[in-house]
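Q: What follows is query11.cif; its format and atoms are mmCIF, C-alpha atoms.
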```cif
data_final
#
loop_
_atom_site.label_atom_id
_atom_site.label_comp_id
_atom_site.auth_asym_id
_atom_site.auth_seq_id
_atom_site.Cartn_x
_atom_site.Cartn_y
_atom_site.Cartn_z
CA MET I 1 0.42 -8.57 -24.59
CA SER I 2 0.68 -12.23 -23.59
CA ALA I 3 2.10 -14.48 -20.93
CA GLU I 4 4.78 -15.73 -23.33
CA HIS I 5 7.45 -13.39 -21.96
CA LYS I 6 8.08 -11.93 -18.56
CA LEU I 7 6.37 -8.60 -18.08
CA ARG I 8 8.98 -5.85 -18.15
CA MET I 9 8.84 -3.27 -15.39
CA GLY I 10 10.20 0.28 -15.41
CA MET I 11 10.79 1.80 -11.97
CA VAL I 12 10.66 5.49 -11.10
CA GLY I 13 12.48 6.27 -7.85
CA GLY I 14 13.94 3.61 -5.61
CA GLY I 15 17.55 4.68 -6.15
CA PRO I 16 20.53 4.74 -3.76
CA GLY I 17 19.45 5.19 -0.14
CA ALA I 18 15.84 4.17 -0.80
CA PHE I 19 14.32 1.35 1.25
CA ILE I 20 11.43 0.44 -0.99
CA GLY I 21 13.07 0.23 -4.44
CA PRO I 22 14.96 -3.04 -3.85
CA VAL I 23 11.91 -4.42 -2.03
CA HIS I 24 9.73 -3.77 -5.09
CA LYS I 25 12.26 -5.50 -7.33
CA MET I 26 12.47 -8.58 -5.12
CA ALA I 27 8.71 -8.82 -4.75
CA ALA I 28 7.91 -8.22 -8.42
CA GLU I 29 10.37 -10.87 -9.56
CA LEU I 30 9.57 -13.48 -6.92
CA ASP I 31 7.07 -15.49 -8.96
CA GLY I 32 9.04 -15.34 -12.21
CA ARG I 33 6.32 -13.34 -14.01
CA ILE I 34 8.02 -9.93 -14.03
CA GLU I 35 11.52 -8.53 -14.48
CA LEU I 36 12.95 -5.09 -13.83
CA ALA I 37 14.07 -3.86 -17.26
CA ALA I 38 14.54 -0.10 -16.91
CA GLY I 39 14.35 2.72 -14.44
CA ALA I 40 14.62 6.41 -13.71
CA PHE I 41 15.91 5.78 -10.22
CA SER I 42 17.12 9.30 -9.42
CA GLN I 43 17.08 12.78 -10.91
CA SER I 44 20.87 12.55 -10.78
CA ALA I 45 22.17 10.76 -13.86
CA GLU I 46 25.11 9.37 -11.90
CA ARG I 47 22.96 8.05 -9.06
CA SER I 48 20.48 6.54 -11.49
CA LYS I 49 23.34 4.83 -13.31
CA THR I 50 24.67 3.52 -10.00
CA ALA I 51 21.26 2.08 -9.13
CA GLY I 52 20.95 0.52 -12.58
CA GLU I 53 24.31 -1.17 -12.15
CA ALA I 54 23.31 -2.47 -8.72
CA PHE I 55 20.12 -3.90 -10.24
CA GLY I 56 22.07 -5.49 -13.10
CA LEU I 57 20.44 -3.45 -15.87
CA ASP I 58 21.64 -2.48 -19.32
CA PRO I 59 23.40 0.88 -18.65
CA GLY I 60 21.42 2.46 -21.48
CA ARG I 61 18.16 1.78 -19.64
CA ALA I 62 19.03 3.66 -16.43
CA TYR I 63 17.52 7.10 -17.07
CA SER I 64 17.76 10.33 -15.11
CA ASP I 65 14.25 11.50 -16.04
CA TYR I 66 11.04 9.48 -16.04
CA ARG I 67 9.78 11.29 -19.14
CA GLU I 68 12.92 10.24 -20.98
CA MET I 69 12.34 6.65 -19.86
CA LEU I 70 8.72 6.65 -21.05
CA SER I 71 9.66 8.09 -24.45
CA ALA I 72 12.64 5.79 -25.01
CA GLU I 73 10.90 2.62 -23.82
CA ARG I 74 7.92 3.23 -26.11
CA GLN I 75 10.29 2.99 -29.08
CA ARG I 76 11.94 -0.28 -28.09
CA PRO I 77 10.67 -3.66 -29.33
CA ASP I 78 11.51 -4.98 -25.86
CA GLY I 79 10.22 -1.90 -24.03
CA ILE I 80 8.63 -1.94 -20.60
CA ASP I 81 5.05 -3.13 -20.08
CA PHE I 82 4.26 -1.09 -16.98
CA VAL I 83 5.66 1.49 -14.56
CA VAL I 84 6.13 1.17 -10.82
CA ILE I 85 6.29 4.40 -8.79
CA ALA I 86 8.59 4.31 -5.74
CA THR I 87 9.11 8.04 -5.21
CA PRO I 88 8.13 10.55 -2.51
CA ASN I 89 4.43 11.38 -2.65
CA HIS I 90 4.66 14.69 -4.54
CA LEU I 91 5.75 12.83 -7.70
CA HIS I 92 3.03 10.17 -7.65
CA LEU I 93 0.50 12.13 -9.71
CA PRO I 94 2.83 13.54 -12.40
CA VAL I 95 4.59 10.21 -12.92
CA ALA I 96 1.38 8.17 -12.96
CA LYS I 97 -0.37 10.61 -15.28
CA ALA I 98 2.58 10.70 -17.69
CA ALA I 99 2.83 6.90 -17.68
CA LEU I 100 -0.89 6.42 -18.33
CA GLU I 101 -0.86 8.99 -21.13
CA ALA I 102 2.11 7.16 -22.67
CA GLY I 103 0.12 3.92 -22.64
CA PHE I 104 1.70 2.22 -19.63
CA ALA I 105 -0.18 0.57 -16.77
CA VAL I 106 0.88 1.67 -13.28
CA VAL I 107 1.72 0.18 -9.91
CA SER I 108 2.18 2.89 -7.27
CA ASP I 109 3.34 3.10 -3.70
CA LYS I 110 0.78 4.49 -1.29
CA PRO I 111 -0.62 7.00 -0.68
CA ALA I 112 -1.83 7.42 -4.24
CA THR I 113 -0.90 11.12 -4.38
CA ALA I 114 0.19 13.98 -2.15
CA THR I 115 -3.28 15.54 -1.81
CA TYR I 116 -6.92 14.55 -2.13
CA GLU I 117 -7.44 16.91 -5.07
CA GLU I 118 -4.57 15.18 -6.86
CA ALA I 119 -6.18 11.81 -6.15
CA LEU I 120 -9.35 12.95 -7.93
CA ALA I 121 -7.24 14.06 -10.90
CA LEU I 122 -5.51 10.68 -10.93
CA GLU I 123 -8.85 8.88 -10.74
CA ALA I 124 -9.93 10.75 -13.88
CA ALA I 125 -6.65 9.92 -15.63
CA VAL I 126 -7.00 6.21 -14.83
CA ALA I 127 -10.59 6.19 -16.10
CA SER I 128 -9.62 8.04 -19.27
CA SER I 129 -6.73 5.69 -20.02
CA GLY I 130 -8.60 2.44 -19.42
CA LEU I 131 -5.32 0.98 -18.15
CA PRO I 132 -4.82 -1.11 -15.00
CA TYR I 133 -3.69 0.83 -11.93
CA ALA I 134 -2.76 -0.82 -8.63
CA LEU I 135 -1.77 0.58 -5.25
CA THR I 136 0.68 -1.32 -3.07
CA HIS I 137 -1.17 -1.61 0.20
CA THR I 138 1.20 -4.49 0.91
CA TYR I 139 -0.62 -5.88 3.92
CA ALA I 140 -3.56 -6.83 1.69
CA GLY I 141 -1.29 -9.54 0.26
CA TYR I 142 -0.89 -11.54 3.47
CA ALA I 143 -2.68 -14.88 3.42
CA LEU I 144 -4.26 -14.38 6.83
CA VAL I 145 -5.44 -10.87 6.02
CA ARG I 146 -7.27 -12.53 3.13
CA GLU I 147 -8.59 -15.12 5.62
CA ALA I 148 -9.82 -12.36 7.93
CA ARG I 149 -11.53 -10.70 4.99
CA ALA I 150 -13.20 -13.99 4.03
CA ILE I 151 -14.39 -14.57 7.60
CA CYS I 152 -16.01 -11.13 7.70
CA ALA I 153 -17.65 -11.66 4.32
CA SER I 154 -18.98 -15.08 5.36
CA GLY I 155 -21.02 -13.67 8.23
CA LEU I 156 -19.47 -16.11 10.72
CA LEU I 157 -18.83 -13.26 13.16
CA GLY I 158 -22.42 -12.07 12.90
CA ARG I 159 -22.98 -8.35 12.66
CA ILE I 160 -19.70 -6.48 13.07
CA ARG I 161 -19.83 -4.17 16.07
CA LYS I 162 -16.34 -2.76 16.60
CA ILE I 163 -12.97 -2.50 14.84
CA ALA I 164 -9.68 -1.61 16.48
CA VAL I 165 -6.61 -0.98 14.33
CA GLU I 166 -3.22 0.29 15.39
CA TYR I 167 0.00 1.00 13.53
CA LEU I 168 2.80 1.92 15.90
CA GLN I 169 6.41 2.70 15.03
CA GLY I 170 9.16 4.36 17.03
CA TRP I 171 11.73 5.33 14.41
CA LEU I 172 10.79 9.05 14.40
CA SER I 173 10.93 9.43 18.18
CA THR I 174 13.86 11.83 17.74
CA PRO I 175 14.31 14.47 15.00
CA VAL I 176 16.30 12.17 12.71
CA GLU I 177 15.14 14.19 9.68
CA ARG I 178 17.63 16.86 10.76
CA THR I 179 20.54 14.41 10.54
CA GLY I 180 20.25 13.87 6.78
CA GLN I 181 18.36 10.58 7.07
CA LYS I 182 16.76 10.44 3.62
CA GLN I 183 13.62 8.47 4.50
CA ALA I 184 12.82 10.71 7.46
CA ALA I 185 13.63 13.94 5.62
CA TRP I 186 11.09 13.64 2.82
CA ARG I 187 8.39 12.20 5.09
CA SER I 188 8.71 15.25 7.32
CA ASP I 189 8.54 17.79 4.48
CA PRO I 190 5.02 18.78 3.38
CA ALA I 191 6.37 19.84 -0.03
CA LEU I 192 7.38 16.23 -0.66
CA SER I 193 4.93 14.14 1.37
CA GLY I 194 1.79 16.30 1.27
CA PRO I 195 -0.12 17.58 4.30
CA GLY I 196 -0.12 14.26 6.16
CA GLY I 197 2.84 12.96 8.16
CA SER I 198 2.27 9.71 10.04
CA ILE I 199 -1.38 9.78 8.96
CA GLY I 200 -0.28 9.62 5.33
CA ASP I 201 2.70 7.33 5.69
CA ILE I 202 1.21 4.56 7.84
CA GLY I 203 -2.25 5.82 8.77
CA THR I 204 -3.47 5.10 5.25
CA HIS I 205 -2.43 1.45 5.71
CA ALA I 206 -4.42 1.20 8.93
CA PHE I 207 -7.45 2.90 7.38
CA HIS I 208 -7.28 0.68 4.30
CA LEU I 209 -7.28 -2.48 6.42
CA VAL I 210 -10.43 -1.34 8.25
CA GLU I 211 -12.39 -1.21 5.00
CA TYR I 212 -10.54 -4.03 3.20
CA VAL I 213 -11.02 -6.61 5.94
CA THR I 214 -14.55 -5.75 7.06
CA GLY I 215 -16.01 -4.81 3.68
CA LEU I 216 -17.56 -1.78 5.40
CA GLN I 217 -16.92 1.86 4.57
CA VAL I 218 -16.14 4.58 7.09
CA THR I 219 -18.87 7.23 7.14
CA SER I 220 -17.50 9.73 9.71
CA LEU I 221 -14.51 10.24 11.95
CA ASN I 222 -13.16 12.28 14.82
CA ALA I 223 -9.36 12.57 14.73
CA THR I 224 -6.62 14.20 16.78
CA LEU I 225 -3.28 14.75 15.04
CA ARG I 226 -0.17 15.86 16.91
CA SER I 227 3.43 16.78 16.19
CA VAL I 228 5.13 15.43 19.29
CA VAL I 229 8.78 16.06 18.41
CA PRO I 230 9.52 19.80 18.82
CA GLY I 231 9.97 21.60 15.50
CA ARG I 232 8.41 18.86 13.39
CA VAL I 233 5.95 20.39 10.91
CA LEU I 234 3.83 17.34 10.07
CA ASP I 235 1.98 15.04 12.44
CA ASP I 236 3.85 12.12 13.96
CA ASP I 237 0.99 10.80 16.10
CA CYS I 238 -2.75 10.32 15.52
CA SER I 239 -5.78 8.90 17.28
CA ALA I 240 -9.20 8.66 15.63
CA PHE I 241 -12.69 7.40 16.33
CA LEU I 242 -14.55 5.96 13.34
CA ARG I 243 -18.16 5.23 12.46
CA LEU I 244 -18.91 2.63 9.79
CA GLU I 245 -21.85 2.26 7.46
CA ASN I 246 -23.51 -0.57 9.44
CA GLY I 247 -23.37 1.46 12.67
CA ALA I 248 -20.19 -0.19 13.98
CA SER I 249 -17.62 1.92 15.77
CA GLY I 250 -13.89 1.94 15.22
CA VAL I 251 -10.72 3.08 16.91
CA LEU I 252 -7.62 3.90 14.88
CA MET I 253 -4.28 4.59 16.59
CA VAL I 254 -1.19 5.57 14.60
CA SER I 255 2.17 6.79 15.79
CA GLN I 256 5.75 7.04 14.61
CA VAL I 257 6.95 8.27 18.01
CA ALA I 258 5.96 5.14 19.94
CA ALA I 259 9.44 4.50 21.29
CA GLY I 260 10.36 0.83 21.32
CA GLU I 261 7.89 -0.18 18.58
CA GLY I 262 9.12 -1.63 15.30
CA ASN I 263 6.31 -2.14 12.79
CA GLY I 264 3.41 -2.73 15.15
CA LEU I 265 0.44 -3.10 12.80
CA ARG I 266 -2.53 -4.93 14.33
CA PHE I 267 -6.26 -5.16 13.73
CA ARG I 268 -9.10 -6.68 15.71
CA VAL I 269 -12.66 -7.09 14.45
CA TYR I 270 -15.43 -7.81 16.96
CA GLY I 271 -18.74 -9.27 15.84
CA GLU I 272 -21.80 -10.58 17.64
CA LYS I 273 -20.30 -14.08 17.80
CA GLY I 274 -16.58 -13.56 18.22
CA LEU I 275 -13.41 -11.74 17.23
CA ILE I 276 -10.51 -11.98 14.80
CA ASP I 277 -7.07 -10.66 15.72
CA TRP I 278 -4.01 -10.31 13.42
CA ARG I 279 -0.55 -8.80 13.97
CA GLN I 280 1.82 -7.95 11.16
CA GLU I 281 4.86 -8.88 13.24
CA ASP I 282 3.40 -12.40 13.62
CA PRO I 283 1.71 -12.56 10.21
CA ASN I 284 1.37 -16.32 9.83
CA ARG I 285 -1.13 -16.72 12.66
CA LEU I 286 -4.70 -15.42 12.93
CA ARG I 287 -6.46 -15.63 16.27
CA VAL I 288 -10.19 -16.35 16.14
CA LYS I 289 -12.05 -16.41 19.46
CA TRP I 290 -15.73 -17.22 19.75
CA LEU I 291 -18.32 -16.01 22.25
CA ASP I 292 -18.55 -19.43 23.94
CA GLY I 293 -14.85 -19.26 24.80
CA LEU I 294 -13.40 -21.54 22.13
CA GLU I 295 -10.27 -20.07 20.58
CA GLU I 296 -8.65 -20.99 17.28
CA ILE I 297 -5.22 -20.20 15.93
CA ARG I 298 -5.34 -20.35 12.14
CA HIS I 299 -2.00 -20.82 10.42
CA ALA I 300 -1.00 -19.62 6.97
CA ALA I 301 -1.26 -22.36 4.32
CA GLY I 302 -3.59 -24.45 6.48
CA SER I 303 -5.84 -26.73 4.44
CA TYR I 304 -8.85 -25.51 6.43
CA LEU I 305 -8.45 -21.87 5.34
CA SER I 306 -10.70 -20.15 2.81
CA SER I 307 -9.89 -20.51 -0.87
CA GLU I 308 -8.91 -16.82 -0.90
CA ALA I 309 -6.24 -17.41 1.76
CA ARG I 310 -4.97 -20.70 0.31
CA ALA I 311 -4.58 -19.11 -3.12
CA VAL I 312 -1.82 -16.75 -1.94
CA ALA I 313 0.26 -19.18 0.12
CA ARG I 314 3.45 -20.39 -1.56
CA LEU I 315 4.89 -22.70 1.10
CA PRO I 316 3.57 -25.51 3.32
CA GLY I 317 2.31 -24.54 6.74
CA GLY I 318 5.03 -23.79 9.27
CA HIS I 319 7.28 -22.14 6.67
CA PRO I 320 6.94 -18.41 7.40
CA GLU I 321 6.13 -15.97 4.65
CA GLY I 322 6.49 -12.24 5.22
CA PHE I 323 6.45 -8.72 3.82
CA ILE I 324 8.16 -9.38 0.48
CA GLU I 325 5.93 -12.38 -0.20
CA ALA I 326 2.83 -10.32 0.62
CA LEU I 327 3.91 -7.59 -1.81
CA ALA I 328 4.68 -10.31 -4.36
CA VAL I 329 1.05 -11.46 -4.10
CA LEU I 330 -0.08 -8.02 -5.28
CA TYR I 331 2.41 -8.10 -8.16
CA ARG I 332 1.24 -11.57 -9.17
CA GLU I 333 -2.38 -10.40 -9.24
CA PHE I 334 -1.35 -7.31 -11.19
CA ALA I 335 0.53 -9.44 -13.74
CA ASP I 336 -2.60 -11.56 -14.25
CA ALA I 337 -4.71 -8.41 -14.63
CA LEU I 338 -2.31 -6.80 -17.09
CA ILE I 339 -2.24 -9.90 -19.29
CA ALA I 340 -6.05 -10.10 -19.15
CA TRP I 341 -6.25 -6.42 -20.13
CA GLY I 342 -3.92 -7.09 -23.07
CA GLN I 343 -6.28 -9.83 -24.19
CA GLY I 344 -9.18 -7.39 -24.22
CA LYS I 345 -10.78 -7.84 -20.81
CA ALA I 346 -12.23 -4.65 -19.35
CA ASN I 347 -11.67 -3.86 -15.66
CA PRO I 348 -9.41 -6.88 -15.06
CA LEU I 349 -8.23 -6.04 -11.52
CA PRO I 350 -9.58 -8.52 -8.92
CA PRO I 351 -11.35 -7.07 -5.85
CA THR I 352 -8.50 -8.31 -3.64
CA LEU I 353 -5.99 -5.99 -5.36
CA PRO I 354 -6.17 -2.36 -4.15
CA GLY I 355 -6.72 0.08 -6.99
CA ILE I 356 -7.60 3.70 -7.64
CA GLN I 357 -10.72 3.64 -5.44
CA ALA I 358 -8.61 2.58 -2.46
CA GLY I 359 -6.24 5.40 -3.36
CA VAL I 360 -8.98 8.01 -3.45
CA ARG I 361 -10.49 6.87 -0.16
CA GLY I 362 -7.06 6.85 1.48
CA MET I 363 -6.43 10.44 0.43
CA ARG I 364 -9.92 11.46 1.55
CA PHE I 365 -9.12 9.90 4.93
CA ILE I 366 -6.01 12.07 5.27
CA LYS I 367 -7.95 15.20 4.30
CA ARG I 368 -10.87 14.50 6.62
CA ALA I 369 -8.60 13.55 9.53
CA ILE I 370 -6.73 16.86 9.24
CA GLU I 371 -10.02 18.76 9.02
CA SER I 372 -11.42 16.93 12.04
CA SER I 373 -8.32 17.58 14.09
CA SER I 374 -8.36 21.29 13.21
CA ALA I 375 -12.06 21.61 14.08
CA GLU I 376 -11.78 19.32 17.12
CA SER I 377 -15.00 17.64 16.07
CA TRP I 378 -16.59 14.84 14.10
CA VAL I 379 -16.66 15.22 10.31
CA GLU I 380 -18.53 13.32 7.63
CA PHE I 381 -16.29 11.17 5.52
#
```
Could you quickly redo this structure as structure tokens?
A:
Amino acid sequence: MSAEHKLRMGMVGGGPGAFIGPVHKMAAELDGRIELAAGAFSQSAERSKTAGEAFGLDPGRAYSDYREMLSAERQRPDGIDFVVIATPNHLHLPVAKAALEAGFAVVSDKPATATYEEALALEAAVASSGLPYALTHTYAGYALVREARAICASGLLGRIRKIAVEYLQGWLSTPVERTGQKQAAWRSDPALSGPGGSIGDIGTHAFHLVEYVTGLQVTSLNATLRSVVPGRVLDDDCSAFLRLENGASGVLMVSQVAAGEGNGLRFRVYGEKGLIDWRQEDPNRLRVKWLDGLEEIRHAAGSYLSSEARAVARLPGGHPEGFIEALAVLYREFADALIAWGQGKANPLPPTLPGIQAGVRGMRFIKRAIESSSAESWVEF
């Protein structure tokens, strides 16, 4: 494998009616390193064909079964180089495992699997294959999330004392899953999403940012999960207290029934000397406020940012970059890692790119949060 041709991507899921499939295509292709070449977009042959046509693919490379895609693409001289998984959670493990066993690297939507036990099985499969595996915790690709991470690592804040993270949405404030809305229907069905509702869908993003930005691991938690909308099986609201390995405390608030909210992801990290504050809906500004009262607003692409933050900015300051660009950062890092793996480098994924360990910890978070809520007590992570 070399950088002489664009890396060819095969997508599983992401067909008609899916939000994330087109987003993955746009992000993967943004830097000109990757192209969508094949896909098993739906279990319906007709719907998969329709998606393939919409994506501009060769009709013969729009499959109705991911196993068929893996087998056929292995035989082609221009076959795919890796697989991206954009399906409901219950298919993440079987698709990833089949792809790895067929010799294909994997990029997967989060959470890594439907259950924690499946995540451990996937971890073993990734280790056995030796292939790169990345998890699309998209918010890790924002330049100012990288800046926040660099600030924490530098020690400028002093000892970290408290973390507050919230992810608030309002789109499930009514039982839209009963109206045939595809995205709501599978997220509300434990057979498709696993045992976590909002905690799995967006809570894993919030949890990941706590550890990704601070560099500290959660050691215990006390969570309360609720199903607010009558008749909804899975949780749509969660609040949790966290304890981190350095003794810091954390507060995590997640809801998909916060009426009026859009995609309200925010984190604040408080240290001995100041705080950092970032909002996903205003992603190109990072607020840094020091104990003596001085306040900074750091802008994406600023020349004064850390090398980690500058490395992922594509445009001059003042030109906003958003969700697709952040996801494209992860694809760019994955492309670099996949080429390095093809040239014989072991463990080529950079620490900035979420991988299988982030996936396992995310699934453990879901499991422990459910256990804590059921027991109404603290649990060890």
Q: With distances taken over all atoms listed in the file, which of I:Glu46, I:Glu147, I:Glu261, I:Asp336 is nearest to Asn284 (chain I)?
A: I:Glu147
Q: (-4.9, 14.5, -11.7) in this file's frame - what residues fall within 12 Å of it? Use all atoms listed in the file and give the answer as number ranges by chain.
A: I: 90-98, 100-101, 112-128, 356, 360
Q: Give me, as JSON, numbers by chain, all polymer residues having an atom no more than 8 Å from Ala40 (chain I), counting all atoms listed in the file and skipping those fewer than 2 positions away in the same chain.
A: {"I": [10, 11, 12, 13, 38, 42, 43, 48, 62, 63, 64, 65, 66, 69]}
Q: Expand the PyMOL selection byres ((chain I and resi 311) around 12) into the explicit residue set it covers here, and present it as a PyMOL selection string.
A: chain I and resi 141-144+146-147+300-303+305-310+312-315+329+332-333+352
Q: Would you save the residues of that selection, restricted to C-alpha atoms, as a short mmCIF file (atom, residue, chain, number, x, y, z; two decimals), in the coordinates of the input?
A:
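again37.cif, written as the output of this step:
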```cif
data_model
loop_
_atom_site.label_atom_id
_atom_site.label_comp_id
_atom_site.auth_asym_id
_atom_site.auth_seq_id
_atom_site.Cartn_x
_atom_site.Cartn_y
_atom_site.Cartn_z
CA GLY I 141 -1.29 -9.54 0.26
CA TYR I 142 -0.89 -11.54 3.47
CA ALA I 143 -2.68 -14.88 3.42
CA LEU I 144 -4.26 -14.38 6.83
CA ARG I 146 -7.27 -12.53 3.13
CA GLU I 147 -8.59 -15.12 5.62
CA ALA I 300 -1.00 -19.62 6.97
CA ALA I 301 -1.26 -22.36 4.32
CA GLY I 302 -3.59 -24.45 6.48
CA SER I 303 -5.84 -26.73 4.44
CA LEU I 305 -8.45 -21.87 5.34
CA SER I 306 -10.70 -20.15 2.81
CA SER I 307 -9.89 -20.51 -0.87
CA GLU I 308 -8.91 -16.82 -0.90
CA ALA I 309 -6.24 -17.41 1.76
CA ARG I 310 -4.97 -20.70 0.31
CA VAL I 312 -1.82 -16.75 -1.94
CA ALA I 313 0.26 -19.18 0.12
CA ARG I 314 3.45 -20.39 -1.56
CA LEU I 315 4.89 -22.70 1.10
CA VAL I 329 1.05 -11.46 -4.10
CA ARG I 332 1.24 -11.57 -9.17
CA GLU I 333 -2.38 -10.40 -9.24
CA THR I 352 -8.50 -8.31 -3.64
#
```
Q: For this structure, which residues satisfy the selection - the PyMOL selection byres ((chain I and resi 321-328) around 8) - when it is evaluated on the file as given? I want them as number ranges by chain.
A: I: 23-24, 26-31, 136, 138-143, 283-284, 315, 319-320, 329-332
Q: Could you tell me which residues the PyMOL selection byres ((chain I and resi 168) around 12) grabs in this file, written as a short mmCIF file (atom, residue, chain, number, x, y, z; two decimals) with C-alpha atoms, keeping the file's coordinate frame?
A:
```
data_model
loop_
_atom_site.label_atom_id
_atom_site.label_comp_id
_atom_site.auth_asym_id
_atom_site.auth_seq_id
_atom_site.Cartn_x
_atom_site.Cartn_y
_atom_site.Cartn_z
CA VAL I 165 -6.61 -0.98 14.33
CA GLU I 166 -3.22 0.29 15.39
CA TYR I 167 0.00 1.00 13.53
CA GLN I 169 6.41 2.70 15.03
CA GLY I 170 9.16 4.36 17.03
CA TRP I 171 11.73 5.33 14.41
CA LEU I 172 10.79 9.05 14.40
CA SER I 173 10.93 9.43 18.18
CA SER I 198 2.27 9.71 10.04
CA ILE I 199 -1.38 9.78 8.96
CA ASP I 201 2.70 7.33 5.69
CA ILE I 202 1.21 4.56 7.84
CA GLY I 203 -2.25 5.82 8.77
CA HIS I 205 -2.43 1.45 5.71
CA ALA I 206 -4.42 1.20 8.93
CA ASP I 236 3.85 12.12 13.96
CA ASP I 237 0.99 10.80 16.10
CA CYS I 238 -2.75 10.32 15.52
CA SER I 239 -5.78 8.90 17.28
CA LEU I 252 -7.62 3.90 14.88
CA MET I 253 -4.28 4.59 16.59
CA VAL I 254 -1.19 5.57 14.60
CA SER I 255 2.17 6.79 15.79
CA GLN I 256 5.75 7.04 14.61
CA VAL I 257 6.95 8.27 18.01
CA ALA I 258 5.96 5.14 19.94
CA ALA I 259 9.44 4.50 21.29
CA GLY I 260 10.36 0.83 21.32
CA GLU I 261 7.89 -0.18 18.58
CA GLY I 262 9.12 -1.63 15.30
CA ASN I 263 6.31 -2.14 12.79
CA GLY I 264 3.41 -2.73 15.15
CA LEU I 265 0.44 -3.10 12.80
CA ARG I 266 -2.53 -4.93 14.33
CA PHE I 267 -6.26 -5.16 13.73
CA ARG I 279 -0.55 -8.80 13.97
CA GLN I 280 1.82 -7.95 11.16
CA GLU I 281 4.86 -8.88 13.24
#
```
Q: May I ask which of the residues I:Trp378, I:Phe207, I:Tyr212, I:Phe19 is the closest one to Gly355 (chain I), counting all atoms listed in the file?
A: I:Tyr212
Q: Between CA of Arg161 (chain I) and CA of Arg268 (chain I), what is the spacing in Å?
A: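 Interatomic distance, CA of Arg268 (chain I) to CA of Arg161 (chain I): 11.0 Å.
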Q: Go ahead and compute the interatomic distance for CA of Ser373 (chain I) and CA of Ala223 (chain I), in Å to one decimal.
A: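 We find that CA of Ser373 (chain I) and CA of Ala223 (chain I) lie 5.2 Å from each other.
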Q: Restricting the calculation to all atoms listed in the file, which member of I:Leu338, I:Ala248, I:Ala184, I:Ala148 is positioned closest to Gln217 (chain I)?
A: I:Ala248
